[in-house]
file coords_37.txt (compact mmCIF, C-alpha atoms and all ligand atoms)
# COMPACT_ATOMS: atom_id res chain seq x y z
CA MET O 127 160.68 151.26 66.31
CA LYS O 128 162.05 151.36 62.81
CA LYS O 129 160.40 148.06 61.99
CA THR O 130 156.98 149.35 63.15
CA LYS O 131 157.32 152.42 61.02
CA THR O 132 158.17 150.36 57.94
CA TRP O 133 155.22 148.08 58.59
CA ASN O 134 152.88 151.05 58.96
CA GLN O 135 154.12 152.54 55.70
CA HIS O 136 153.51 149.22 54.03
CA VAL O 137 149.94 149.06 55.34
CA VAL O 138 149.21 152.64 54.29
CA LYS O 139 150.54 151.90 50.81
CA GLN O 140 148.33 148.82 50.51
CA GLU O 141 145.30 150.75 51.71
CA ASN O 142 145.94 153.52 49.22
CA LYS O 143 146.42 151.02 46.44
CA ASP O 144 143.13 149.38 47.38
CA LEU O 145 141.44 152.78 47.28
CA VAL O 146 142.90 153.56 43.86
CA LEU O 147 141.87 150.16 42.51
CA HIS O 148 138.29 150.48 43.79
CA THR O 149 138.05 154.01 42.40
CA ILE O 150 139.13 152.76 38.98
CA MET O 151 136.67 149.85 39.24
CA ARG O 152 133.86 152.25 40.03
CA TYR O 153 134.56 155.09 37.60
CA ALA O 154 136.49 153.52 34.70
CA PRO O 155 137.45 154.70 32.21
CA ILE O 156 139.11 157.33 34.37
CA SER O 157 142.35 159.33 34.03
CA ARG O 158 145.16 159.42 36.58
CA ALA O 159 144.33 163.07 37.35
CA GLU O 160 140.66 162.30 38.03
CA THR O 161 141.67 159.34 40.16
CA ALA O 162 143.83 161.66 42.24
CA VAL O 163 140.88 164.03 42.73
CA LYS O 164 138.45 161.25 43.68
CA THR O 165 140.86 159.60 46.13
CA SER O 166 142.30 162.86 47.54
CA LEU O 167 145.79 161.38 47.06
CA ASN O 168 148.52 163.38 45.36
CA LYS O 169 149.22 162.76 41.68
CA GLY O 170 152.67 161.29 42.26
CA THR O 171 151.28 158.70 44.71
CA VAL O 172 148.45 157.80 42.34
CA SER O 173 150.86 157.45 39.43
CA SER O 174 153.14 155.13 41.35
CA LEU O 175 150.25 152.99 42.62
CA VAL O 176 148.72 152.80 39.14
CA ASN O 177 152.06 151.59 37.80
CA ASP O 178 152.03 148.80 40.40
CA LEU O 179 148.45 147.90 39.46
CA ILE O 180 149.31 147.78 35.77
CA GLU O 181 152.31 145.57 36.53
CA GLU O 182 150.05 143.29 38.56
CA ASN O 183 147.62 143.02 35.62
CA MET O 184 144.79 144.55 37.65
CA VAL O 185 144.54 147.73 35.58
CA TYR O 186 145.17 148.51 31.92
CA GLU O 187 145.37 151.68 29.90
CA SER O 188 143.18 152.58 26.97
CA GLY O 189 143.22 155.27 24.27
CA PRO O 190 143.06 158.95 25.15
CA GLY O 191 139.86 160.19 26.79
CA LYS O 192 138.24 163.62 26.54
CA SER O 193 140.52 166.58 27.07
CA SER O 194 139.60 169.34 29.47
CA GLY O 195 141.82 171.77 27.57
CA GLY O 196 145.30 170.27 27.39
CA ARG O 197 146.67 166.99 26.11
CA ARG O 198 144.09 164.18 26.01
CA PRO O 199 144.75 161.86 28.97
CA VAL O 200 145.31 158.11 28.84
CA MET O 201 142.41 156.35 30.53
CA LEU O 202 142.61 153.62 33.17
CA ASN O 203 140.38 150.55 33.21
CA PHE O 204 139.86 147.71 35.65
CA ASN O 205 141.02 144.43 34.16
CA ARG O 206 137.88 142.42 34.83
CA MET O 207 139.60 139.46 33.17
CA ALA O 208 142.55 139.43 35.60
CA GLY O 209 141.04 136.22 36.96
CA CYS O 210 137.82 134.23 37.26
CA SER O 211 135.64 133.21 40.17
CA ILE O 212 133.51 130.11 40.61
CA GLY O 213 130.21 130.23 42.51
CA ILE O 214 128.25 127.07 43.26
CA ASP O 215 124.67 126.87 44.47
CA LEU O 216 124.35 123.39 45.90
CA GLY O 217 120.60 122.79 46.05
CA VAL O 218 118.75 119.79 47.41
CA ASN O 219 117.84 118.59 43.93
CA TYR O 220 120.19 120.54 41.67
CA ILE O 221 123.63 122.10 41.40
CA LEU O 222 124.19 125.37 39.60
CA GLY O 223 127.74 126.52 38.97
CA VAL O 224 128.81 129.83 37.44
CA LEU O 225 132.18 131.01 36.20
CA THR O 226 132.38 134.80 36.39
CA ASP O 227 134.86 137.54 35.64
CA LEU O 228 135.95 139.89 38.44
CA THR O 229 132.87 142.10 37.99
CA GLY O 230 130.58 139.13 38.57
CA GLU O 231 129.55 138.81 34.96
CA ILE O 232 128.77 135.20 34.10
CA LEU O 233 131.12 133.77 31.47
CA MET O 234 129.81 130.23 31.67
CA GLU O 235 127.42 128.14 33.70
CA LYS O 236 126.61 124.52 34.36
CA TYR O 237 123.36 123.20 35.77
CA ILE O 238 122.64 119.66 36.88
CA LYS O 239 119.23 118.59 38.11
CA TYR O 240 118.91 115.32 39.97
CA GLU O 241 116.95 113.57 42.66
CA TYR O 242 118.08 113.62 46.28
CA GLU O 243 121.38 111.72 46.58
CA SER O 244 123.77 110.63 49.29
CA TYR O 245 126.58 112.92 50.46
CA GLU O 246 129.13 111.01 48.35
CA ILE O 247 127.15 111.32 45.12
CA THR O 248 126.25 114.95 45.79
CA MET O 249 129.95 115.75 46.30
CA GLN O 250 130.82 113.87 43.14
CA HIS O 251 128.32 116.03 41.21
CA THR O 252 129.76 119.15 42.83
CA LEU O 253 133.30 118.24 41.79
CA GLU O 254 132.09 117.48 38.27
CA VAL O 255 130.53 120.96 37.98
CA ILE O 256 133.66 122.67 39.35
CA ASP O 257 135.94 120.61 37.06
CA TYR O 258 133.74 121.47 34.09
CA LEU O 259 134.05 125.20 34.77
CA ILE O 260 137.78 125.08 35.53
CA THR O 261 138.66 123.25 32.34
CA ARG O 262 136.74 125.83 30.30
CA GLN O 263 138.06 128.99 31.97
CA PRO O 264 139.67 131.56 29.69
CA ASP O 265 143.39 132.24 30.01
CA THR O 266 143.82 134.94 32.68
CA PRO O 267 146.78 136.18 34.77
CA TYR O 268 145.44 134.97 38.14
CA SER O 269 143.36 132.03 36.89
CA ILE O 270 140.66 130.91 39.37
CA VAL O 271 140.76 133.34 42.32
CA GLY O 272 138.46 131.30 44.53
CA ILE O 273 135.58 128.88 44.75
CA GLY O 274 132.44 129.54 46.78
CA VAL O 275 129.81 126.94 47.63
CA GLY O 276 126.38 127.88 48.95
CA ILE O 277 124.75 125.21 51.14
CA PRO O 278 121.06 124.95 52.11
CA GLY O 279 121.74 124.68 55.84
CA ALA O 280 123.56 126.07 58.84
CA VAL O 281 127.23 126.87 58.14
CA ASP O 282 129.48 128.18 60.90
CA LEU O 283 131.87 131.10 60.50
CA LYS O 284 134.74 128.71 59.68
CA GLY O 285 132.80 127.14 56.81
CA GLN O 286 131.82 123.93 58.59
CA VAL O 287 128.35 122.64 57.64
CA MET O 288 126.66 122.01 60.99
CA LEU O 289 123.29 120.84 59.72
CA ALA O 290 121.61 120.74 56.33
CA PRO O 291 118.42 118.78 57.12
CA ASN O 292 117.19 118.56 53.52
CA LEU O 293 120.52 117.15 52.36
CA ASN O 294 120.70 114.98 55.46
CA TRP O 295 124.14 116.44 56.24
CA GLU O 296 125.42 116.92 59.77
CA ASN O 297 128.89 118.14 60.78
CA ILE O 298 130.28 117.98 57.26
CA GLU O 299 133.64 119.46 56.33
CA ILE O 300 134.07 120.27 52.66
CA LYS O 301 136.08 123.50 52.74
CA ASP O 302 139.50 121.90 53.38
CA LYS O 303 138.74 119.08 50.96
CA LEU O 304 138.00 121.50 48.12
CA GLN O 305 140.93 123.74 49.04
CA GLU O 306 143.31 120.77 48.94
CA ARG O 307 141.96 119.50 45.65
CA TYR O 308 141.93 122.81 43.79
CA GLY O 309 144.65 124.80 45.59
CA VAL O 310 142.61 128.01 45.74
CA PRO O 311 140.76 129.75 48.59
CA VAL O 312 137.31 128.23 49.23
CA VAL O 313 134.34 129.89 50.90
CA ILE O 314 131.42 127.84 52.25
CA GLU O 315 128.34 129.84 53.16
CA ASN O 316 124.63 129.41 53.72
CA GLU O 317 122.91 129.67 50.33
CA ALA O 318 120.35 132.25 51.50
CA ASN O 319 123.13 134.51 52.81
CA ALA O 320 124.81 134.12 49.44
CA GLY O 321 121.55 134.88 47.61
CA CYS O 322 121.01 137.99 49.69
CA TYR O 323 124.55 139.13 48.93
CA GLY O 324 124.14 138.35 45.22
CA GLU O 325 120.97 140.46 45.04
CA LYS O 326 122.70 143.31 46.90
CA LYS O 327 125.76 143.24 44.61
CA TYR O 328 124.19 142.52 41.25
CA GLY O 329 120.40 142.30 41.55
CA VAL O 330 117.29 144.12 42.76
CA GLY O 331 118.78 144.81 46.21
CA SER O 332 121.52 147.20 45.08
CA LYS O 333 119.84 150.29 46.55
CA SER O 334 118.63 148.83 49.86
CA ASN O 335 120.51 148.47 53.11
CA HIS O 336 117.86 146.47 54.99
CA ILE O 337 117.05 143.38 52.94
CA LEU O 338 115.35 140.11 53.77
CA TYR O 339 116.10 137.55 51.08
CA ILE O 340 113.68 134.62 51.30
CA SER O 341 115.16 131.64 49.51
CA ILE O 342 112.41 129.13 48.76
CA GLY O 343 113.18 125.78 47.18
CA ILE O 344 112.71 122.38 48.79
CA GLY O 345 113.21 124.23 52.09
CA ILE O 346 113.33 127.87 53.15
CA GLY O 347 116.33 129.91 54.25
CA ILE O 348 116.59 133.60 54.98
CA GLY O 349 119.52 135.88 54.21
CA MET O 350 119.53 139.19 56.06
CA MET O 351 121.28 142.38 55.11
CA LEU O 352 120.99 144.73 58.07
CA ASN O 353 122.48 148.24 57.97
CA GLY O 354 124.20 147.31 54.69
CA GLU O 355 125.99 144.30 56.18
CA LEU O 356 125.19 140.64 55.89
CA TYR O 357 123.97 139.55 59.30
CA ARG O 358 125.31 136.11 60.21
CA GLY O 359 124.62 136.00 63.94
CA ASN O 360 127.04 135.02 66.71
CA ASN O 361 128.22 131.78 65.06
CA GLY O 362 126.89 132.18 61.53
CA PHE O 363 123.53 130.50 62.02
CA SER O 364 121.09 133.37 61.60
CA GLY O 365 118.13 133.02 59.26
CA GLU O 366 117.02 129.44 59.91
CA MET O 367 113.44 130.65 59.88
CA GLY O 368 112.29 127.84 57.63
CA HIS O 369 112.16 125.95 60.91
CA MET O 370 110.01 128.35 62.86
CA THR O 371 106.96 126.50 64.12
CA ILE O 372 103.68 127.55 62.55
CA ASP O 373 101.65 124.50 63.60
CA LEU O 374 102.10 123.10 67.09
CA ASN O 375 100.63 119.77 66.03
CA GLY O 376 102.01 119.81 62.51
CA ASN O 377 103.87 117.19 60.53
CA PRO O 378 107.38 116.10 61.56
CA CYS O 379 110.30 117.90 59.92
CA PRO O 380 113.77 116.43 59.16
CA CYS O 381 115.16 119.05 61.59
CA GLY O 382 113.60 117.10 64.46
CA ASN O 383 110.71 119.49 65.22
CA GLN O 384 107.21 119.52 63.88
CA GLY O 385 105.01 122.01 62.05
CA CYS O 386 107.93 123.99 60.59
CA TRP O 387 107.10 126.84 58.20
CA GLU O 388 108.97 125.28 55.27
CA LEU O 389 106.75 122.18 55.36
CA TYR O 390 103.87 124.40 54.17
CA ALA O 391 105.47 127.22 52.20
CA SER O 392 108.10 125.56 49.97
CA GLU O 393 108.26 122.97 47.20
CA LYS O 394 107.66 120.47 50.00
CA GLY O 395 104.46 122.32 50.82
CA LEU O 396 103.32 122.10 47.20
CA HIS O 397 104.06 118.40 47.10
CA ALA O 398 102.28 117.64 50.37
CA ALA O 399 99.09 119.44 49.31
CA MET O 400 98.81 118.22 45.70
CA SER O 401 96.53 115.25 46.42
CA ALA O 402 94.14 117.47 48.38
CA TYR O 403 93.76 119.57 45.22
CA GLY O 404 93.09 116.51 43.08
CA ILE O 405 96.47 116.71 41.35
CA PRO O 406 98.42 113.45 41.43
CA PRO O 407 102.00 114.10 42.62
CA GLN O 408 104.66 113.31 40.03
CA SER O 409 106.54 110.04 40.31
CA ASN O 410 109.61 112.22 40.82
CA ASP O 411 108.37 114.55 43.55
CA GLN O 412 111.20 117.02 42.99
CA ARG O 413 109.78 118.01 39.61
CA ASP O 414 106.35 118.97 41.03
CA LEU O 415 107.10 122.68 40.82
CA GLU O 416 107.69 122.66 37.05
CA TYR O 417 104.66 120.39 36.57
CA LEU O 418 102.39 122.70 38.58
CA ILE O 419 103.68 125.80 36.78
CA GLY O 420 102.85 124.05 33.50
CA LEU O 421 99.31 123.39 34.73
CA ALA O 422 98.87 126.96 36.02
CA ARG O 423 99.96 128.30 32.63
CA GLN O 424 97.14 126.26 31.11
CA LYS O 425 94.79 127.97 33.60
CA ASP O 426 94.24 124.80 35.64
CA GLU O 427 92.10 126.08 38.52
CA GLN O 428 93.27 123.52 41.05
CA ALA O 429 96.94 124.24 40.41
CA ILE O 430 96.30 127.97 40.69
CA ALA O 431 94.38 127.42 43.95
CA LEU O 432 97.26 125.34 45.31
CA PHE O 433 99.78 128.10 44.50
CA ASN O 434 97.44 130.54 46.20
CA THR O 435 97.41 128.42 49.36
CA VAL O 436 101.19 128.00 49.44
CA GLY O 437 101.60 131.71 48.63
CA GLY O 438 99.42 132.43 51.67
CA TYR O 439 101.74 130.36 53.87
CA ILE O 440 104.76 132.17 52.43
CA GLY O 441 103.08 135.51 53.15
CA LEU O 442 102.25 134.45 56.69
CA GLY O 443 105.88 133.71 57.53
CA VAL O 444 107.17 136.79 55.74
CA LYS O 445 104.71 138.94 57.68
CA ASN O 446 106.12 137.67 60.99
CA ILE O 447 109.68 138.27 59.88
CA VAL O 448 108.86 141.77 58.61
CA ASN O 449 107.32 142.61 61.98
CA THR O 450 110.55 141.47 63.62
CA PHE O 451 113.13 143.20 61.41
CA ASN O 452 111.41 146.21 59.82
CA PRO O 453 113.20 145.73 56.46
CA GLU O 454 113.16 148.06 53.49
CA GLN O 455 112.99 145.25 50.97
CA VAL O 456 111.78 141.66 50.93
CA ILE O 457 113.10 139.62 48.01
CA ILE O 458 111.55 136.25 47.20
CA GLY O 459 114.23 134.13 45.55
CA ASN O 460 115.34 130.66 44.49
CA ARG O 461 113.19 128.14 42.60
CA MET O 462 109.81 129.20 43.96
CA SER O 463 110.30 132.69 42.50
CA SER O 464 109.51 131.17 39.09
CA ALA O 465 105.89 130.80 40.31
CA GLN O 466 105.67 134.54 41.00
CA GLU O 467 102.55 135.06 38.88
CA TRP O 468 100.52 132.66 41.03
CA ILE O 469 101.94 133.15 44.52
CA GLU O 470 102.45 136.92 44.59
CA PRO O 471 98.80 137.98 45.13
CA ALA O 472 98.47 135.76 48.23
CA ILE O 473 101.81 136.95 49.63
CA ARG O 474 100.80 140.59 49.18
CA GLU O 475 97.44 139.94 50.80
CA LYS O 476 99.12 138.52 53.90
CA LEU O 477 101.69 141.32 53.98
CA ASP O 478 98.80 143.77 54.09
CA GLY O 479 98.22 142.36 57.55
CA THR O 480 101.59 143.50 58.91
CA LEU O 481 101.52 146.18 61.56
CA TRP O 482 100.56 149.35 59.69
CA PHE O 483 103.75 151.26 60.50
CA GLN O 484 105.89 148.42 59.06
CA LYS O 485 104.45 148.98 55.61
CA GLU O 486 105.91 152.42 55.04
CA GLY O 487 108.75 152.19 52.55
CA LEU O 488 108.54 148.39 52.41
CA HIS O 489 109.03 146.82 48.98
CA LEU O 490 108.26 143.24 48.05
CA GLU O 491 110.17 142.03 45.04
CA PHE O 492 111.07 138.82 43.31
CA SER O 493 114.66 137.92 42.65
CA GLY O 494 116.30 140.00 39.92
CA LEU O 495 118.85 137.29 39.30
CA SER O 496 116.15 134.63 39.19
CA THR O 497 117.62 131.29 40.22
CA HIS O 498 121.21 132.62 40.06
CA SER O 499 121.31 134.85 43.17
CA SER O 500 123.06 132.33 45.37
CA ALA O 501 125.68 131.17 42.84
CA MET O 502 126.48 134.78 41.94
CA GLY O 503 126.69 135.78 45.61
CA MET O 504 129.15 132.93 46.19
CA ALA O 505 131.25 134.10 43.23
CA ALA O 506 131.19 137.63 44.69
CA PHE O 507 132.56 136.48 48.08
CA SER O 508 135.62 135.00 46.36
CA ILE O 509 136.12 138.07 44.17
CA GLU O 510 136.11 140.33 47.19
CA ASN O 511 138.49 138.13 49.14
CA PHE O 512 140.81 138.14 46.15
CA LEU O 513 140.71 141.92 45.69
CA MET O 514 141.53 142.39 49.38
CA ASN O 515 144.29 139.82 49.53
CA TYR O 516 145.88 139.32 46.12
CA GLN O 517 148.55 141.91 46.80
CA TYR O 518 149.69 140.05 49.91
CA SER O 519 150.04 136.71 48.21
CA GLN O 520 153.54 135.77 47.15
CA THR O 521 152.60 134.15 43.89
CA ALA O 522 149.63 134.39 41.60
CA LEU O 523 147.31 131.41 41.85
ZN ZN O 601 112.11 121.94 60.67
call {"tool": "encode", "arguments": {"input": "coords_37.txt", "output": "structure tokens"}}
result
Amino acid sequence: MKKTKTWNQHVVKQENKDLVLHTIMRYAPISRAETAVKTSLNKGTVSSLVNDLIEENMVYESGPGKSSGGRRPVMLNFNRMAGCSIGIDLGVNYILGVLTDLTGEILMEKYIKYEYESYEITMQHTLEVIDYLITRQPDTPYSIVGIGVGIPGAVDLKGQVMLAPNLNWENIEIKDKLQERYGVPVVIENEANAGCYGEKKYGVGSKSNHILYISIGIGIGIGMMLNGELYRGNNGFSGEMGHMTIDLNGNPCPCGNQGCWELYASEKGLHAAMSAYGIPPQSNDQRDLEYLIGLARQKDEQAIALFNTVGGYIGLGVKNIVNTFNPEQVIIGNRMSSAQEWIEPAIREKLDGTLWFQKEGLHLEFSGLSTHSSAMGMAAFSIENFLMNYQYSQTAL
């Protein structure tokens, strides 16, 4: 019995400490007295927990704040530089890595663009990006608190990559490999889920609880925030809507089906239709998007018409998904969002065709974090894991 009681006291203390820490993160600079009011804990408890947090380098004090009559109080601040997080967006033709502080602010980033490569070379690039960021991290008490890698494919709840058709990956395990190499917790997640989370935490999705994040690059993935929670499905495979069939007799897709939505509404869609618009595809087909944006900027009518067509396909798919989920916000993200000017009118036109009652309160937006949503979302996963678990770890990483 005694043991149970001790354990319960321990848990309550940790929960209270977590509450105090999150209150300071949210309201800093804030005094101990105000923290006690906001948390409904007594002043003595708050004081003792704050002392622990200061000792653990999670909180620091700053000069006196405003007085409400008596002595001016010392203010408490969250130590956003207690550690750093690494978020990686592993694209089909690029890798973007960010090093952030514990509020998700980017301290450094590294971007590599390349043509499709084998698994071995892609992993080599990934390690290079992570190594680059690690060797340039600032000196912090907890160092790197975690590494998150967003993958354009189906990732199960344990972080195993089941299938990433555009990378040609099947049943790939990278979580343990990275954890062994770097000795820090690693999170592997679908890149669209990460992008959705990034937009919710730091981008245009902060006020919505029902978000569809449409990640459009070489393929299409959907991240869903339903009732304020990321929806992963039974095994983590929700949102593979890039592979919903929109043409029964359409072209074959690397996923094994034919006529998948992403063949028409992604960078692949642009590439496939270029010749029909009299625009010769680039020798390196993974640079078509930038080339077409360049043409559209010069008012090239064929390029603009092509974006309009692909925008129409995007809108068609989004319309179907909106009718299914009744979201509050649709966010178009990843590389295709840089063509907003030329695809948005066609998307909006198609969305006008959604069932009339779906339109009320529905907002269509383009990514607020631009091409960084996924990398920042991955960094956020590690930060949150760290904030929940750092106090239980025996030694700082
Ligand atoms: Zn497919």
call {"tool": "closest_residue", "arguments": {"input": "coords_37.txt", "among": "O:Asn294, O:Gln384, O:Asn134, O:Asn335", "to": "ligand ZN 601 (chain O)", "atoms": "all atoms listed in the file"}}
result
O:Gln384
call {"tool": "residues_near_ligand", "arguments": {"input": "coords_37.txt", "ligand": "ligand ZN 601 (chain O)", "cutoff": "7 Å", "atoms": "all atoms listed in the file", "output": "JSON, numbers by chain"}}
result
{"O": [368, 369, 379, 380, 381, 382, 383, 384, 386]}
call {"tool": "atom_distance", "arguments": {"input": "coords_37.txt", "atom1": "atom CA of O:Leu415", "atom2": "atom CA of O:His498"}}
result
17.3 Å
call {"tool": "atom_distance", "arguments": {"input": "coords_37.txt", "atom1": "atom CA of O:Tyr308", "atom2": "atom CA of O:Pro267"}}
result
16.8 Å
call {"tool": "closest_residue", "arguments": {"input": "coords_37.txt", "among": "O:Pro378, O:Ser499, O:Tyr323, O:Met367", "to": "O:Gly354", "atoms": "only C-alpha atoms"}}
result
O:Tyr323
call {"tool": "residues_around", "arguments": {"input": "coords_37.txt", "residues": "O:Ile405", "least_positions_apart": "2", "cutoff": "10 Å", "atoms": "all atoms listed in the file", "output": "NGL selection string"}}
result
:O and (397 or 399-403 or 407-408 or 418 or 421 or 428-429 or 432)
call {"tool": "closest_atom_pairs", "arguments": {"input": "coords_37.txt", "of": "stretch 203-258 of chain O", "to": "stretch 175-193 of chain O", "cutoff": "12 Å", "atoms": "all atoms listed in the file", "output": "CSV"}}
result
residue,atom,partner,partner_atom,distance
O:Asn203,CA,O:Tyr186,CA,5.4
O:Phe204,CA,O:Val185,CA,4.7
O:Asn205,CA,O:Val185,CA,5.0
O:Arg206,CA,O:Met184,CA,7.8
O:Met207,CA,O:Met184,CA,8.5
O:Ala208,CA,O:Met184,CA,6.0
O:Gly209,CA,O:Met184,CA,9.2
O:Leu228,CA,O:Met184,CA,10.0
call {"tool": "atom_distance", "arguments": {"input": "coords_37.txt", "atom1": "atom CA of O:Ile277", "atom2": "atom CA of O:Ser332"}}
result
23.0 Å
call {"tool": "residues_around", "arguments": {"input": "coords_37.txt", "residues": "O:Asp144", "least_positions_apart": "6", "cutoff": "10 Å", "atoms": "all atoms listed in the file", "output": "JSON list (two decimals) with C-alpha atoms, keeping the file's coordinate frame"}}
result
[["chain", "number", "residue", "atom", "x", "y", "z"],
["O", 138, "VAL", "CA", 149.21, 152.64, 54.29],
["O", 150, "ILE", "CA", 139.13, 152.76, 38.98],
["O", 175, "LEU", "CA", 150.25, 152.99, 42.62],
["O", 179, "LEU", "CA", 148.45, 147.90, 39.46],
["O", 513, "LEU", "CA", 140.71, 141.92, 45.69],
["O", 514, "MET", "CA", 141.53, 142.39, 49.38],
["O", 515, "ASN", "CA", 144.29, 139.82, 49.53],
["O", 517, "GLN", "CA", 148.55, 141.91, 46.80]]
call {"tool": "closest_residue", "arguments": {"input": "coords_37.txt", "among": "O:Leu167, O:Leu304, O:Ile238, O:Val287", "to": "O:Glu317", "atoms": "only C-alpha atoms"}}
result
O:Val287
call {"tool": "residues_around", "arguments": {"input": "coords_37.txt", "residues": "O:Leu225", "least_positions_apart": "4", "cutoff": "10 Å", "atoms": "only C-alpha atoms", "output": "list in words"}}
result
Cys210, Ser211, Ile212, Gly213, Ile214, Gly230, Glu231, Ile232, Leu233, Met234, Glu235, Lys236, Ile256, Tyr258, Leu259, Ile260, Arg262, Gln263, Pro264, Ile270, Ile273, Ala501, Met502 and Ala505 of chain O
call {"tool": "residues_around", "arguments": {"input": "coords_37.txt", "residues": "O:Met350", "least_positions_apart": "3", "cutoff": "12 Å", "atoms": "only C-alpha atoms", "output": "PyMOL selection string"}}
result
chain O and resi 316-326+331+334-341+347+353-359+362-367+447-448+450-457
call {"tool": "closest_residue", "arguments": {"input": "coords_37.txt", "among": "O:Leu216, O:Leu396, O:Val224, O:Met249", "to": "O:Asn460", "atoms": "all atoms listed in the file"}}
result
O:Leu216
call {"tool": "closest_residue", "arguments": {"input": "coords_37.txt", "among": "O:Asn446, O:Ser173, O:Lys164, O:Tyr439", "to": "O:Thr480", "atoms": "all atoms listed in the file"}}
result
O:Asn446
